[in-house]
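Dropping entry08.txt in here (compact mmCIF, C-alpha atoms and all ligand atoms):
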```txt
# COMPACT_ATOMS: atom_id res chain seq x y z
CA MET A 1 20.93 80.44 51.43
CA PRO A 2 20.95 83.95 49.95
CA ASP A 3 17.61 85.32 48.82
CA VAL A 4 16.78 84.83 45.17
CA THR A 5 13.83 86.55 43.53
CA LEU A 6 12.31 85.61 40.20
CA TYR A 7 9.62 87.28 38.13
CA ASP A 8 6.49 85.17 37.95
CA THR A 9 4.31 85.67 34.86
CA ARG A 10 1.15 84.44 36.59
CA THR A 11 1.19 87.00 39.40
CA ARG A 12 3.08 89.59 37.32
CA SER A 13 5.42 90.19 40.22
CA LEU A 14 8.84 89.41 41.62
CA GLN A 15 8.53 86.43 43.92
CA PRO A 16 10.94 85.16 46.54
CA PHE A 17 12.27 81.81 45.39
CA GLN A 18 11.02 79.31 47.95
CA PRO A 19 11.27 75.83 46.48
CA ARG A 20 9.30 72.89 47.83
CA ASP A 21 12.57 71.16 48.63
CA PRO A 22 15.87 73.08 48.22
CA ALA A 23 17.66 69.80 47.50
CA ARG A 24 15.28 68.94 44.65
CA VAL A 25 14.33 72.02 42.68
CA GLY A 26 12.39 71.12 39.53
CA ILE A 27 12.54 73.21 36.34
CA TYR A 28 10.62 72.34 33.19
CA ALA A 29 11.50 74.38 30.09
CA CYS A 30 9.53 73.82 26.89
CA GLY A 31 11.83 72.72 24.11
CA PRO A 32 11.48 72.74 20.34
CA THR A 33 9.08 70.99 18.01
CA VAL A 34 11.45 69.05 15.80
CA TYR A 35 10.17 69.60 12.27
CA ALA A 36 13.24 71.52 11.03
CA ARG A 37 16.64 72.49 12.34
CA VAL A 38 16.31 74.94 15.20
CA HIS A 39 17.00 78.60 14.59
CA VAL A 40 19.17 80.81 16.76
CA GLY A 41 16.09 82.19 18.53
CA ASN A 42 15.23 78.68 19.79
CA ALA A 43 18.56 78.63 21.60
CA ARG A 44 17.56 81.44 23.96
CA PRO A 45 15.36 79.39 26.34
CA PHE A 46 17.98 76.61 26.22
CA VAL A 47 20.65 79.11 27.32
CA VAL A 48 18.51 80.93 29.92
CA PHE A 49 17.32 77.81 31.74
CA SER A 50 20.68 76.01 31.53
CA GLN A 51 22.31 79.06 33.09
CA LEU A 52 19.54 79.37 35.68
CA LYS A 53 20.21 75.77 36.75
CA ARG A 54 23.94 76.52 37.08
CA PHE A 55 23.21 79.63 39.10
CA LEU A 56 20.78 77.91 41.49
CA GLU A 57 23.32 75.12 41.98
CA HIS A 58 25.93 77.76 42.78
CA GLU A 59 23.50 79.08 45.42
CA GLY A 60 23.39 75.65 47.02
CA TYR A 61 20.21 74.17 45.53
CA GLY A 62 19.95 70.74 43.96
CA VAL A 63 18.31 71.20 40.54
CA THR A 64 16.67 68.91 38.00
CA LEU A 65 16.20 70.59 34.62
CA VAL A 66 13.79 68.96 32.18
CA GLY A 67 13.83 70.19 28.58
CA ASN A 68 11.33 68.33 26.43
CA ILE A 69 11.45 67.66 22.72
CA THR A 70 8.08 67.73 20.94
CA ASP A 71 8.22 64.94 18.38
CA ILE A 72 4.47 64.53 17.77
CA ASN A 73 2.92 67.60 16.15
CA ASP A 74 1.02 68.77 13.07
CA LYS A 75 4.03 70.73 11.90
CA ILE A 76 6.03 67.52 11.72
CA TYR A 77 3.40 65.80 9.56
CA THR A 78 3.29 68.80 7.24
CA ALA A 79 7.07 69.12 6.92
CA ALA A 80 7.56 65.36 6.44
CA LYS A 81 4.93 65.26 3.71
CA ALA A 82 6.59 68.18 1.92
CA ALA A 83 9.98 66.46 2.15
CA GLY A 84 8.57 63.05 1.18
CA VAL A 85 9.95 61.28 4.26
CA PRO A 86 8.25 59.37 7.09
CA SER A 87 7.31 61.79 9.88
CA ASP A 88 8.96 59.75 12.65
CA ARG A 89 12.22 59.72 10.72
CA LEU A 90 12.12 63.47 10.15
CA ALA A 91 11.45 64.07 13.86
CA GLU A 92 14.25 61.73 14.87
CA GLU A 93 16.69 63.37 12.50
CA MET A 94 15.79 66.90 13.62
CA ALA A 95 15.94 65.91 17.30
CA ALA A 96 19.47 64.58 16.69
CA HIS A 97 20.43 67.87 15.01
CA TYR A 98 18.95 69.76 17.95
CA ARG A 99 21.11 67.84 20.43
CA VAL A 100 24.27 68.32 18.37
CA ASP A 101 23.59 72.03 17.75
CA THR A 102 22.77 72.85 21.37
CA ASP A 103 25.76 70.76 22.59
CA ARG A 104 27.96 73.27 20.80
CA LEU A 105 26.78 75.99 23.19
CA GLY A 106 28.97 74.29 25.80
CA LEU A 107 26.32 74.43 28.55
CA GLY A 108 25.85 70.70 29.00
CA ARG A 109 22.50 68.90 28.65
CA PRO A 110 19.31 69.16 30.72
CA ASP A 111 18.97 66.32 33.24
CA ALA A 112 16.10 64.85 31.23
CA GLU A 113 15.03 65.42 27.64
CA PRO A 114 11.76 63.54 27.26
CA LEU A 115 10.27 62.89 23.86
CA ALA A 116 6.47 62.99 23.56
CA THR A 117 6.57 59.60 21.81
CA GLU A 118 8.07 58.06 24.97
CA TYR A 119 5.22 59.34 27.16
CA VAL A 120 2.08 58.42 25.21
CA THR A 121 0.93 56.07 28.00
CA HIS A 122 1.16 58.91 30.54
CA ILE A 123 -0.61 61.24 28.14
CA ILE A 124 -3.51 58.80 27.58
CA GLU A 125 -3.82 58.26 31.33
CA LEU A 126 -4.01 62.04 31.92
CA ILE A 127 -6.65 62.48 29.21
CA GLN A 128 -8.67 59.61 30.71
CA ARG A 129 -8.55 61.36 34.05
CA LEU A 130 -9.92 64.56 32.44
CA LEU A 131 -12.70 62.55 30.78
CA ASP A 132 -13.57 60.93 34.10
CA ALA A 133 -13.72 64.36 35.73
CA ASP A 134 -15.99 65.58 32.93
CA ALA A 135 -13.42 68.25 32.08
CA ALA A 136 -13.10 66.76 28.60
CA TYR A 137 -15.33 65.06 26.02
CA VAL A 138 -14.94 62.75 23.05
CA ALA A 139 -16.24 63.89 19.66
CA GLU A 140 -15.78 61.57 16.67
CA GLY A 141 -12.54 60.17 18.06
CA ASP A 142 -11.12 63.58 19.00
CA VAL A 143 -10.96 64.60 22.65
CA TYR A 144 -11.49 68.23 23.64
CA PHE A 145 -10.79 70.04 26.89
CA ARG A 146 -13.80 71.85 28.31
CA VAL A 147 -12.16 75.19 29.04
CA ARG A 148 -15.03 76.70 31.03
CA THR A 149 -14.70 74.01 33.74
CA VAL A 150 -11.61 75.88 34.95
CA ASP A 151 -12.51 78.96 36.95
CA ASN A 152 -9.25 80.82 36.60
CA TYR A 153 -8.70 80.09 32.91
CA GLY A 154 -6.92 83.10 31.38
CA GLU A 155 -5.15 83.97 34.61
CA LEU A 156 -1.67 83.24 33.26
CA SER A 157 -2.03 85.12 29.98
CA ARG A 158 -4.49 87.71 31.33
CA ARG A 159 -6.75 87.51 28.35
CA ASP A 160 -10.49 87.89 28.15
CA LEU A 161 -12.20 84.63 27.33
CA ASP A 162 -13.85 86.37 24.38
CA GLN A 163 -10.48 87.44 22.97
CA MET A 164 -9.03 83.96 22.88
CA ASP A 165 -8.23 81.95 19.81
CA GLN A 166 -6.78 78.49 20.41
CA GLY A 167 -5.07 78.71 17.04
CA GLU A 168 -6.61 75.44 15.89
CA GLY A 169 -8.28 77.06 12.89
CA VAL A 170 -11.27 75.36 11.34
CA GLU A 171 -9.98 71.92 12.29
CA GLY A 172 -12.44 70.31 14.69
CA ALA A 173 -14.42 73.56 14.95
CA SER A 174 -17.72 71.80 14.31
CA LEU A 175 -16.94 69.18 16.98
CA LYS A 176 -16.20 71.63 19.78
CA GLN A 177 -18.99 72.30 22.27
CA ASP A 178 -17.47 75.74 22.81
CA PRO A 179 -15.09 77.53 20.43
CA LEU A 180 -12.82 78.08 23.44
CA ASP A 181 -12.21 74.35 23.87
CA PHE A 182 -8.96 72.86 22.59
CA ALA A 183 -7.82 69.42 21.43
CA LEU A 184 -6.28 66.92 23.83
CA TRP A 185 -6.33 64.16 21.24
CA LYS A 186 -6.85 64.14 17.50
CA ALA A 187 -8.32 61.11 15.75
CA TRP A 188 -6.13 59.53 13.08
CA LYS A 189 -6.67 61.03 9.64
CA GLU A 190 -5.92 59.67 6.18
CA GLY A 191 -2.31 60.42 5.25
CA GLU A 192 -0.92 60.52 8.80
CA ASP A 193 1.82 57.91 9.13
CA THR A 194 1.93 57.58 12.94
CA SER A 195 -0.83 56.84 15.43
CA TRP A 196 -1.39 55.41 18.88
CA ASP A 197 -4.28 53.40 20.31
CA ALA A 198 -6.39 54.94 23.06
CA PRO A 199 -9.66 53.79 24.70
CA TRP A 200 -11.54 56.38 22.60
CA GLY A 201 -9.80 55.44 19.36
CA LYS A 202 -6.66 55.64 17.29
CA GLY A 203 -4.92 59.00 16.99
CA ARG A 204 -2.29 61.19 18.58
CA PRO A 205 -2.05 63.66 21.44
CA GLY A 206 -2.30 67.44 21.16
CA TRP A 207 0.73 69.54 21.93
CA HIS A 208 -0.39 71.01 25.28
CA ILE A 209 -1.26 67.70 26.96
CA GLU A 210 2.14 66.28 25.97
CA CYS A 211 3.92 68.85 28.17
CA SER A 212 1.53 68.47 31.12
CA ALA A 213 2.09 64.71 31.08
CA MET A 214 5.88 64.80 30.65
CA ALA A 215 6.29 67.49 33.32
CA GLU A 216 4.27 65.66 35.97
CA ALA A 217 5.85 62.31 35.10
CA LEU A 218 9.34 63.70 35.72
CA LEU A 219 8.81 66.42 38.33
CA GLY A 220 5.40 65.80 39.89
CA VAL A 221 2.76 68.55 40.04
CA GLU A 222 3.42 71.90 41.66
CA PHE A 223 7.07 71.80 40.73
CA ASP A 224 9.12 74.95 41.14
CA ILE A 225 9.68 76.68 37.80
CA HIS A 226 7.99 76.30 34.44
CA GLY A 227 9.82 78.15 31.69
CA GLY A 228 9.74 78.87 27.99
CA GLY A 229 9.56 81.65 25.46
CA VAL A 230 7.02 84.41 26.04
CA ASP A 231 5.30 83.31 22.81
CA LEU A 232 4.19 80.16 24.67
CA VAL A 233 2.19 81.91 27.40
CA PHE A 234 -0.99 81.57 25.34
CA PRO A 235 -2.31 79.14 24.42
CA HIS A 236 0.36 76.56 25.30
CA HIS A 237 1.10 77.35 28.94
CA GLU A 238 -2.40 78.58 29.76
CA ASN A 239 -3.66 75.20 28.55
CA GLU A 240 -0.99 73.16 30.32
CA ALA A 241 -1.93 74.89 33.58
CA ALA A 242 -5.69 74.36 33.01
CA GLN A 243 -5.36 70.66 32.17
CA THR A 244 -3.24 69.84 35.19
CA LEU A 245 -5.43 71.83 37.57
CA ALA A 246 -8.55 70.09 36.24
CA ALA A 247 -6.97 66.62 36.40
CA ARG A 248 -5.01 66.83 39.65
CA GLY A 249 -6.59 69.65 41.61
CA ALA A 250 -3.16 71.22 41.98
CA PRO A 251 -1.25 73.86 40.06
CA LEU A 252 1.28 72.55 37.56
CA ALA A 253 4.07 74.92 38.62
CA ARG A 254 4.76 77.49 41.32
CA ILE A 255 6.61 80.08 39.23
CA TRP A 256 6.20 80.72 35.50
CA MET A 257 9.24 82.27 33.82
CA HIS A 258 9.25 83.49 30.24
CA ASN A 259 12.12 84.68 28.10
CA GLY A 260 11.78 87.44 25.51
CA MET A 261 12.16 86.79 21.80
CA LEU A 262 15.08 87.50 19.52
CA GLU A 263 14.33 90.42 17.25
CA LEU A 264 15.72 91.26 13.89
CA VAL A 265 15.35 94.90 12.82
CA GLY A 266 12.40 95.42 15.11
CA GLU A 267 10.50 92.26 14.28
CA LYS A 268 10.29 88.89 15.93
CA MET A 269 12.55 86.26 14.44
CA SER A 270 10.38 83.45 13.17
CA LYS A 271 10.07 80.88 10.46
CA SER A 272 6.85 82.43 9.19
CA VAL A 273 8.50 85.82 8.68
CA GLY A 274 11.44 84.11 6.96
CA ASN A 275 14.15 86.15 8.69
CA ILE A 276 15.77 83.39 10.64
CA ARG A 277 19.30 82.02 10.89
CA GLY A 278 19.98 78.44 11.85
CA LEU A 279 21.60 77.94 15.22
CA HIS A 280 24.31 75.83 13.57
CA GLU A 281 25.07 78.62 11.07
CA VAL A 282 25.57 81.20 13.81
CA LEU A 283 27.70 78.70 15.75
CA ASP A 284 29.83 78.13 12.65
CA ASP A 285 30.43 81.89 12.54
CA VAL A 286 31.13 82.74 16.17
CA GLY A 287 31.26 79.55 18.28
CA GLY A 288 29.37 78.62 21.43
CA ALA A 289 31.04 80.87 24.00
CA VAL A 290 30.53 84.06 21.99
CA LEU A 291 26.89 83.18 21.35
CA VAL A 292 26.26 82.43 25.04
CA LEU A 293 27.97 85.71 25.93
CA TYR A 294 25.73 87.51 23.42
CA PHE A 295 22.59 85.99 25.02
CA SER A 296 23.86 86.85 28.51
CA GLY A 297 24.16 90.52 27.50
CA GLY A 298 20.38 91.02 27.66
CA HIS A 299 17.94 90.56 30.52
CA TYR A 300 16.18 87.27 29.83
CA ARG A 301 12.71 88.84 29.99
CA GLN A 302 13.46 91.55 27.43
CA PRO A 303 13.45 91.13 23.67
CA LEU A 304 17.02 90.84 22.40
CA ALA A 305 18.19 92.49 19.18
CA PHE A 306 20.00 90.09 16.89
CA SER A 307 22.48 91.51 14.38
CA ASP A 308 26.02 91.01 13.11
CA GLU A 309 27.03 94.08 15.12
CA ARG A 310 25.73 92.54 18.33
CA LEU A 311 27.64 89.34 17.61
CA GLU A 312 30.80 91.37 16.87
CA ASP A 313 30.37 93.13 20.22
CA ALA A 314 30.14 89.76 21.95
CA LYS A 315 33.25 88.57 20.10
CA ARG A 316 35.22 91.57 21.31
CA SER A 317 33.97 91.06 24.86
CA ALA A 318 35.03 87.40 24.74
CA GLU A 319 38.54 88.48 23.68
CA ARG A 320 38.63 90.99 26.49
CA ILE A 321 37.78 88.28 29.01
CA LYS A 322 40.35 85.89 27.55
CA ASP A 323 43.06 88.58 27.59
CA ALA A 324 42.34 89.32 31.22
CA ALA A 325 42.30 85.59 32.10
CA ARG A 326 45.73 85.12 30.52
CA ARG A 327 47.24 87.70 32.86
CA LEU A 328 45.89 86.05 36.00
CA VAL A 329 47.57 83.51 38.22
CA GLN A 330 45.98 80.44 39.76
CA GLY A 331 44.43 81.02 43.15
CA GLU A 332 42.35 83.26 45.37
CA SER A 333 41.40 86.68 44.09
CA PRO A 334 42.31 89.77 46.10
CA GLU A 335 39.80 91.22 48.59
CA ALA A 336 39.85 94.52 46.73
CA LEU A 337 38.02 92.89 43.80
CA ARG A 338 35.38 91.22 46.00
CA PRO A 339 32.73 93.94 45.61
CA HIS A 340 32.59 93.32 41.84
CA ARG A 341 32.25 89.59 42.35
CA ASP A 342 29.57 90.13 45.00
CA ALA A 343 27.68 92.55 42.72
CA PHE A 344 27.77 89.91 39.97
CA PHE A 345 25.93 87.40 42.16
CA ALA A 346 23.61 90.05 43.63
CA ALA A 347 22.46 90.85 40.07
CA LEU A 348 21.70 87.19 39.41
CA ARG A 349 19.79 86.91 42.69
CA ASN A 350 17.63 89.80 41.52
CA ASP A 351 15.50 88.13 38.82
CA PHE A 352 18.51 86.52 37.17
CA ASN A 353 19.84 89.71 35.62
CA THR A 354 22.76 88.38 33.56
CA ALA A 355 23.21 91.74 31.80
CA GLU A 356 23.88 93.55 35.04
CA ALA A 357 25.98 90.64 36.28
CA LEU A 358 28.18 90.91 33.19
CA ALA A 359 28.69 94.65 33.83
CA SER A 360 30.11 93.69 37.25
CA LEU A 361 32.29 91.00 35.68
CA TYR A 362 33.76 93.63 33.33
CA GLY A 363 34.27 95.92 36.34
CA TRP A 364 36.22 93.11 38.01
CA ILE A 365 38.34 92.69 34.88
CA ARG A 366 39.08 96.43 34.58
CA GLU A 367 40.35 96.52 38.12
CA ALA A 368 42.33 93.28 37.77
CA ASN A 369 44.01 94.66 34.65
CA ARG A 370 45.08 97.77 36.56
CA SER A 371 46.65 95.80 39.40
CA GLU A 372 50.44 95.75 39.57
CA GLU A 373 50.44 92.69 41.81
CA PRO A 374 49.64 89.24 40.38
CA VAL A 375 45.88 88.69 40.59
CA GLY A 376 44.38 85.28 41.46
CA ASN A 377 41.77 83.96 39.01
CA ALA A 378 39.27 82.34 41.44
CA ASP A 379 36.57 85.05 41.22
CA LEU A 380 36.61 85.22 37.45
CA LYS A 381 36.47 81.45 37.17
CA GLU A 382 33.52 81.31 39.58
CA MET A 383 31.58 83.95 37.60
CA LEU A 384 32.30 82.41 34.20
CA ASP A 385 31.36 78.91 35.42
CA VAL A 386 27.89 80.08 36.45
CA LEU A 387 27.27 81.51 32.97
CA GLY A 388 28.67 78.39 31.30
CA LEU A 389 31.57 80.40 29.89
CA GLU A 390 34.47 78.55 31.50
CA GLU A 391 35.90 78.09 28.00
CA LEU A 392 36.98 81.76 28.15
CA MET A 393 39.11 80.98 31.20
CA VAL A 394 42.24 80.36 29.14
CA ALA A 395 45.39 79.31 30.94
CA GLY A 396 47.32 82.17 32.44
CA ALA A 397 50.56 83.09 30.66
CA VAL A 398 51.93 84.63 33.85
CA PRO A 399 53.88 82.01 35.84
CA THR A 400 52.87 81.53 39.43
CA ALA A 401 55.38 82.52 42.14
CA GLU A 402 56.04 78.81 42.71
CA ALA A 403 56.87 78.23 39.02
CA SER A 404 59.19 81.24 38.95
CA GLU A 405 60.93 79.93 42.06
CA LEU A 406 61.48 76.50 40.47
CA ALA A 407 62.83 78.17 37.32
CA GLN A 408 65.38 80.07 39.43
CA GLN A 409 66.38 76.89 41.25
CA ARG A 410 66.86 75.23 37.87
CA GLU A 411 69.17 78.05 36.75
CA GLN A 412 71.15 77.60 39.96
CA ALA A 413 71.37 73.83 39.39
CA ARG A 414 72.65 74.41 35.84
CA ALA A 415 75.21 76.91 37.12
CA ASN A 416 76.34 74.17 39.57
CA LYS A 417 76.41 71.68 36.67
CA ASP A 418 73.91 69.53 38.62
CA TRP A 419 72.22 68.27 35.46
CA ALA A 420 70.09 65.66 37.21
CA GLU A 421 68.58 68.30 39.50
CA ALA A 422 68.08 70.68 36.53
CA ASP A 423 66.23 67.93 34.64
CA ARG A 424 64.10 67.12 37.67
CA LEU A 425 63.09 70.78 38.02
CA ARG A 426 62.35 70.99 34.29
CA ASP A 427 59.99 68.01 34.63
CA ALA A 428 58.39 69.53 37.72
CA LEU A 429 57.71 72.72 35.78
CA LEU A 430 56.27 70.75 32.87
CA ALA A 431 53.92 69.00 35.29
CA MET A 432 52.75 72.48 36.36
CA GLY A 433 52.14 73.40 32.72
CA TRP A 434 55.33 75.35 31.95
CA ILE A 435 58.14 74.87 29.46
CA VAL A 436 61.52 76.53 30.05
CA ARG A 437 62.75 78.24 26.93
CA ASP A 438 66.08 80.01 26.62
CA GLY A 439 65.37 83.49 25.32
CA PRO A 440 67.68 86.46 24.62
CA ASP A 441 67.23 87.65 28.23
CA GLY A 442 67.88 84.24 29.70
CA PRO A 443 65.43 81.42 30.34
CA GLU A 444 61.69 82.20 30.29
CA LEU A 445 58.58 80.21 31.09
CA VAL A 446 55.95 79.66 28.43
CA PRO A 447 52.70 77.73 28.79
CA ALA A 448 53.07 74.10 27.77
CA SER A 449 49.95 74.00 25.61
ZN ZN A 501 5.52 72.78 26.40
```
Written form, structure tokens:
Amino acid sequence: MPDVTLYDTRTRSLQPFQPRDPARVGIYACGPTVYARVHVGNARPFVVFSQLKRFLEHEGYGVTLVGNITDINDKIYTAAKAAGVPSDRLAEEMAAHYRVDTDRLGLGRPDAEPLATEYVTHIIELIQRLLDADAAYVAEGDVYFRVRTVDNYGELSRRDLDQMDQGEGVEGASLKQDPLDFALWKAWKEGEDTSWDAPWGKGRPGWHIECSAMAEALLGVEFDIHGGGVDLVFPHHENEAAQTLAARGAPLARIWMHNGMLELVGEKMSKSVGNIRGLHEVLDDVGGAVLVLYFSGGHYRQPLAFSDERLEDAKRSAERIKDAARRLVQGESPEALRPHRDAFFAALRNDFNTAEALASLYGWIREANRSEEPVGNADLKEMLDVLGLEELMVAGAVPTAEASELAQQREQARANKDWAEADRLRDALLAMGWIVRDGPDGPELVPAS
């Protein structure tokens, strides 16, 4: 297999990709908390890790992609209360929207999309294990993780212990033995309309332990790639890693990959800033392929500027690809174009650089457009498939040599008044996707659809 390197956040370095088992590569990418419809920024990790799976499969690996949906969270309680609906119904409704909206990207679904509510038994078992190991403690029905039991805590996010804020505010502050500790379980409180029973009391899991439990249930510990937005490095991923190490004595994941955020006029796109656009709204405007092409135009680790201009650029690029695809014929691509195709895959092997890969794809197209001979479409199809952009591979409007030959034979049959043979050839052409139309310069072939 060709060498693939990926940037690992934990070691801050490019690492050779050496999976535990090439036939069973495991990727876990943190998905959304479903308290509202997802915004276009939430689609970036979905796109990056769906494309990464396609690419690794192209390289010959077998890949399982897990993309969780967080359906137990404070944000859901808050949003449901504000909307006056039960929190489980709100979560269910928003999870359904999420599936429909991300379906429209045309990248397919992850292999598993666990919901936290389906894994509460696993979560309780993992918390119990941490309690048994004295890495956690119960305080008035809450359970907290004892951060200082983990030697390398802070390694992933490279923060000083003194500079860390778990973002849990005043909630539970008086119950924590150390301000650095974070909640694994929160006791049920008045006004919360869902709860689960645990040996230490009724309540619900914290966000970080949900992911540790779902990831190990589906992929085991020390799986290959843990991904998500760079905003999740601390505290979410730091805490996932700490919990699993303390409970299992093994790292959660081998490589940590983080995608950059979408930025709007120099600031991060977020609900709190109020500058967001719903994923479904952007899809209504430009469609899935253009949006995926837009995302692919930036290196996944870099922030990506979001603007109407950038979307317009992507729209024009999509047209350019479609125009080129229309001029191609079915079949192998010429050797002369190989270097562009090879450069495309070399860029992806080098820390999954889709931006550089696309530059090579456009180089391939430029050269194909210049060719006076018919150009086979195989390379372009292969490249677009890996990015999940096969939709841009519109049927060629240039008949293949075989179709042209049949059209000539049909003309000959008509000249010989062999109508049965002419009809047979017409049907054969239709089966190949061509309709014979009589134009001013004689019969011509047009695509059947
Ligand atoms: Zn997560």
- Task: Find the residues near ligand ZN 501 (chain A). Use a cut-off of 9 Å, count only C-alpha atoms and all ligand atoms, and write them as a VMD selection string.
- Result: chain A and resid 28 to 32 67 to 70 207 to 212 215 227 to 228 232 236 to 237 240
- For Ala318 (chain A), which residue among A:Asp385, A:Glu281, A:Glu405, A:Glu391 is the nearest when counting all atoms listed in the file?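 Ranking A:Asp385, A:Glu281, A:Glu405, A:Glu391 by distance to Ala318 (chain A), first place goes to A:Glu391.
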Would you mind listing, for every residue of region 279-348 of chain A within 12 Å of region 5-15 of chain A, the two atoms forming the shortest contact and the distance between them in Å to one decimal, using all atoms listed in the file, sorted by chain and ascending residue number, as a tab-separated table?
```
residue	atom	partner	partner_atom	distance
A:His299	CA	A:Tyr7	CA	11.7
A:Tyr300	CA	A:Tyr7	CA	10.6
A:Arg301	CA	A:Tyr7	CA	8.8
A:Ala346	CA	A:Thr5	CA	10.4
A:Ala347	CA	A:Thr5	CA	10.2
A:Leu348	CA	A:Thr5	CA	8.9
```
All residues 9 Å or closer to Asp193 (chain A), only C-alpha atoms, same chain fewer than 6 positions away omitted, as a compact mmCIF listing (two decimals) with C-alpha atoms, in the frame of the given file:
```
# COMPACT_ATOMS: atom_id res chain seq x y z
CA TYR A 77 3.40 65.80 9.56
CA PRO A 86 8.25 59.37 7.09
CA SER A 87 7.31 61.79 9.88
CA ASP A 88 8.96 59.75 12.65
```
- Task: Could you check which of A:His258, A:Val150, A:Ala289, A:Thr64 is closest to Glu390 (chain A), using only C-alpha atoms?
- Result: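 Result for the nearest residue to Glu390 (chain A): A:Ala289.
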- Task: Using only C-alpha atoms, pick whichever of A:Ala136, A:Ala36, A:Leu218, A:Ala183 has the shortest atom-to-atom distance to Tyr119 (chain A).
- Result: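 Going through A:Ala136, A:Ala36, A:Leu218, A:Ala183 one by one, the smallest distance to Tyr119 (chain A) is for A:Leu218.
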- Message: Need the shell around Ala23 (chain A): protein/DNA/RNA residues with any atom at most 9 Å away, counting only C-alpha atoms. Skip same-chain ones fewer than 4 positions apart. Format as a PyMOL selection string?
- Response: chain A and resi 19+60-63
- Excluding Ser371 (chain A) and residues on its chain fewer than 5 positions from it, collect all residues at most 12 Å away from it, counting all atoms listed in the file, and give them as an NGL selection string. :A and (324 or 327-328 or 333-334 or 336-337 or 364-366 or 376)
- Task: Point out the residue among A:Phe182, A:Phe234, A:Phe223, A:Phe306 with the least atom-to-atom distance to Leu264 (chain A), counting only C-alpha atoms.
- Result: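 Of A:Phe182, A:Phe234, A:Phe223, A:Phe306, the one nearest Leu264 (chain A), counting only C-alpha atoms, is A:Phe306.
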- Item | Local residues around (31.6, 82.2, 31.8), at most 10 Å away, using all atoms listed in the file, as a list in words |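 Residues with an atom close enough to that point: Gln51, Leu107, Ala289, Val292, Leu293, Ser296, Ala318, Ile321, Leu358, Leu361, Leu380, Lys381, Glu382, Met383, Leu384, Asp385, Val386, Leu387, Gly388, Leu389, Glu390, Glu391, Leu392 and Met393 of chain A.
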Serialized selection, C-alpha atoms, as a PDB file, keeping the file's coordinate frame:
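The resulting file, out_10.pdb, is shown below:
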```pdb
ATOM      1  CA  GLN A  51      22.310  79.060  33.090  1.00  0.00           C
ATOM      2  CA  LEU A 107      26.320  74.430  28.550  1.00  0.00           C
ATOM      3  CA  ALA A 289      31.040  80.870  24.000  1.00  0.00           C
ATOM      4  CA  VAL A 292      26.260  82.430  25.040  1.00  0.00           C
ATOM      5  CA  LEU A 293      27.970  85.710  25.930  1.00  0.00           C
ATOM      6  CA  SER A 296      23.860  86.850  28.510  1.00  0.00           C
ATOM      7  CA  ALA A 318      35.030  87.400  24.740  1.00  0.00           C
ATOM      8  CA  ILE A 321      37.780  88.280  29.010  1.00  0.00           C
ATOM      9  CA  LEU A 358      28.180  90.910  33.190  1.00  0.00           C
ATOM     10  CA  LEU A 361      32.290  91.000  35.680  1.00  0.00           C
ATOM     11  CA  LEU A 380      36.610  85.220  37.450  1.00  0.00           C
ATOM     12  CA  LYS A 381      36.470  81.450  37.170  1.00  0.00           C
ATOM     13  CA  GLU A 382      33.520  81.310  39.580  1.00  0.00           C
ATOM     14  CA  MET A 383      31.580  83.950  37.600  1.00  0.00           C
ATOM     15  CA  LEU A 384      32.300  82.410  34.200  1.00  0.00           C
ATOM     16  CA  ASP A 385      31.360  78.910  35.420  1.00  0.00           C
ATOM     17  CA  VAL A 386      27.890  80.080  36.450  1.00  0.00           C
ATOM     18  CA  LEU A 387      27.270  81.510  32.970  1.00  0.00           C
ATOM     19  CA  GLY A 388      28.670  78.390  31.300  1.00  0.00           C
ATOM     20  CA  LEU A 389      31.570  80.400  29.890  1.00  0.00           C
ATOM     21  CA  GLU A 390      34.470  78.550  31.500  1.00  0.00           C
ATOM     22  CA  GLU A 391      35.900  78.090  28.000  1.00  0.00           C
ATOM     23  CA  LEU A 392      36.980  81.760  28.150  1.00  0.00           C
ATOM     24  CA  MET A 393      39.110  80.980  31.200  1.00  0.00           C
TER      25      MET A 393
END
```
- Message: Using Å and a single decimal, report how far CA of Val375 (chain A) sits from CA of Pro443 (chain A).
- Response: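 If I compute the distance from CA of Pro443 (chain A) to CA of Val375 (chain A), I get 23.2 Å.
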- Query: Pick the closest to His280 (chain A) from A:Thr102, A:Thr121, A:Asn152, A:Ser195: which is it, counting all atoms listed in the file?
  - Reply: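 Closest candidate: A:Thr102.
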